[in-house]
Amino acid sequence: MEAVANVLVALVAALHVYILVLEMFLWQRKPGRSLHGFDPETARATAPLAANQGLYNGFLAAGLVWGLIAADPTGFRAQVFFLSCVIVAGVYGAATANRRILVGQALPGALALAAVLLAR
């Protein structure tokens with residue numbers, strides 16, 4: 001079960017690296033604009049906000065990677081903390097921005113957290 005948990009944590013970390021790239025570097029290009037259906041002007045106006053969000057997603061990814069490479073109990077605790085942050089951010093994003101975030105962010109985080117806890 002520990003291997004499954006590690007794979008799920010790594011996938012959630014990779015997802016947040018992808019979100020970082022999308023929000024920080026591709027926001028004004030087609031992949032970023034099509035995510036929210038923005039025209040070029042709206043994408044340009046919201047790019048600083050998206051870059052800030054992307055940076056936070058990078059911190060989540062870094063924390064999850066830290067949790068994977070740190071020895072226990074630190075690694076376990078880091079994984080639980082950062083996965084909990086992913087879930088909270090996903091629930092908040094779903095409530096305030098787009099319901100798809102619940103499935104795209106909170107659900108993977110919750111599955112990974114469940115696996116980490118079960119592996120303990």
# chains A, B, ... in the order shown; residues from 1 in each chain; ligands from 1
>>> residues_around(residues="region 11-28 of chain A", least_positions_apart="6", cutoff="6 Å", atoms="only C-alpha atoms", output="mmCIF file with C-alpha atoms, in the first residue's frame")
data_model
loop_
_atom_site.group_PDB
_atom_site.id
_atom_site.type_symbol
_atom_site.label_atom_id
_atom_site.label_comp_id
_atom_site.auth_asym_id
_atom_site.auth_seq_id
_atom_site.Cartn_x
_atom_site.Cartn_y
_atom_site.Cartn_z
ATOM 1 C CA ALA A 43 -6.008 36.579 -20.195
ATOM 2 C CA ALA A 50 -2.847 33.482 -12.452
ATOM 3 C CA ALA A 51 0.934 33.615 -11.976
ATOM 4 C CA GLY A 54 0.653 29.126 -10.108
ATOM 5 C CA ASN A 57 0.618 25.415 -6.741
ATOM 6 C CA GLY A 58 4.364 25.098 -7.066
ATOM 7 C CA ALA A 61 4.144 20.375 -5.372
ATOM 8 C CA LEU A 64 4.610 16.882 -1.627
#
>>> residues_around(residues="Gly75 (chain A)", least_positions_apart="5", cutoff="12 Å", atoms="only C-alpha atoms", output="PyMOL selection string")
chain A and resi 6+9+63-70+80-83+116+120
>>> write_last_selection(atoms="N, CA and C atoms", output="CSV table (one decimal), in the first residue's frame")
chain,number,residue,atom,x,y,z
A,6,ASN,N,2.7,6.3,-2.5
A,6,ASN,CA,3.8,7.2,-3.0
A,6,ASN,C,3.5,7.5,-4.5
A,9,VAL,N,0.8,10.3,-4.4
A,9,VAL,CA,1.4,11.6,-4.0
A,9,VAL,C,2.2,12.2,-5.1
A,63,GLY,N,6.2,20.8,-1.5
A,63,GLY,CA,5.9,20.2,-0.2
A,63,GLY,C,5.6,18.7,-0.4
A,64,LEU,N,4.9,18.3,-1.4
A,64,LEU,CA,4.6,16.9,-1.6
A,64,LEU,C,5.9,16.1,-2.0
A,65,VAL,N,6.7,16.7,-2.8
A,65,VAL,CA,8.0,16.0,-3.1
A,65,VAL,C,8.9,15.9,-1.9
A,66,TRP,N,8.9,16.9,-1.1
A,66,TRP,CA,9.6,16.9,0.2
A,66,TRP,C,9.1,15.7,1.0
A,67,GLY,N,7.8,15.6,1.1
A,67,GLY,CA,7.1,14.5,1.8
A,67,GLY,C,7.5,13.1,1.3
A,68,LEU,N,7.8,13.0,0.0
A,68,LEU,CA,8.2,11.8,-0.6
A,68,LEU,C,9.6,11.4,-0.3
A,69,ILE,N,10.5,12.4,-0.2
A,69,ILE,CA,11.9,12.1,0.0
A,69,ILE,C,12.4,12.2,1.4
A,70,ALA,N,11.6,12.9,2.3
A,70,ALA,CA,12.1,13.0,3.7
A,70,ALA,C,11.8,11.7,4.4
A,80,VAL,N,0.8,14.4,4.7
A,80,VAL,CA,-0.5,14.7,5.3
A,80,VAL,C,-0.9,16.2,5.2
A,81,PHE,N,0.1,17.0,5.6
A,81,PHE,CA,-0.2,18.5,5.7
A,81,PHE,C,-0.4,19.0,4.3
A,82,PHE,N,0.5,18.7,3.3
A,82,PHE,CA,0.3,19.3,2.0
A,82,PHE,C,-0.8,18.7,1.2
A,83,LEU,N,-1.1,17.4,1.4
A,83,LEU,CA,-2.3,16.9,0.8
A,83,LEU,C,-3.6,17.5,1.4
A,116,VAL,N,-2.2,7.4,1.8
A,116,VAL,CA,-1.1,7.7,2.8
A,116,VAL,C,-1.5,7.2,4.2
A,120,ARG,N,0.0,3.8,6.5
A,120,ARG,CA,0.7,4.0,7.8
A,120,ARG,C,0.4,2.8,8.6
>>> atom_distance(atom1="CA of Cys85 (chain A)", atom2="CA of Leu113 (chain A)")
10.6 Å
>>> closest_residue(among="A:Leu117, A:Ala110, A:Ala3, A:Val86", to="Phe59 (chain A)", atoms="only C-alpha atoms")
A:Val86
>>> closest_residue(among="A:Thr46, A:Asn98, A:Ser84, A:Thr74", to="Gly32 (chain A)", atoms="only C-alpha atoms")
A:Thr46
>>> residues_around(residues="Gln105 (chain A)", least_positions_apart="2", cutoff="10 Å", atoms="only C-alpha atoms", output="JSON, numbers by chain")
{"A": [12, 15, 16, 19, 86, 87, 88, 89, 90, 91, 93, 94, 100, 101, 102, 103, 107, 108, 109, 110]}
>>> atom_distance(atom1="CA of Asn52 (chain A)", atom2="CA of Phe38 (chain A)")
17.6 Å
>>> atom_distance(atom1="CA of Asp72 (chain A)", atom2="CA of Ala106 (chain A)")
24.6 Å
>>> residues_around(residues="Ala115 (chain A)", least_positions_apart="2", cutoff="8 Å", atoms="only C-alpha atoms", output="list in words")
Met1, Glu2, Val4, Ala5, Leu8, Leu111, Ala112, Leu113, Leu117, Leu118 and Ala119 of chain A
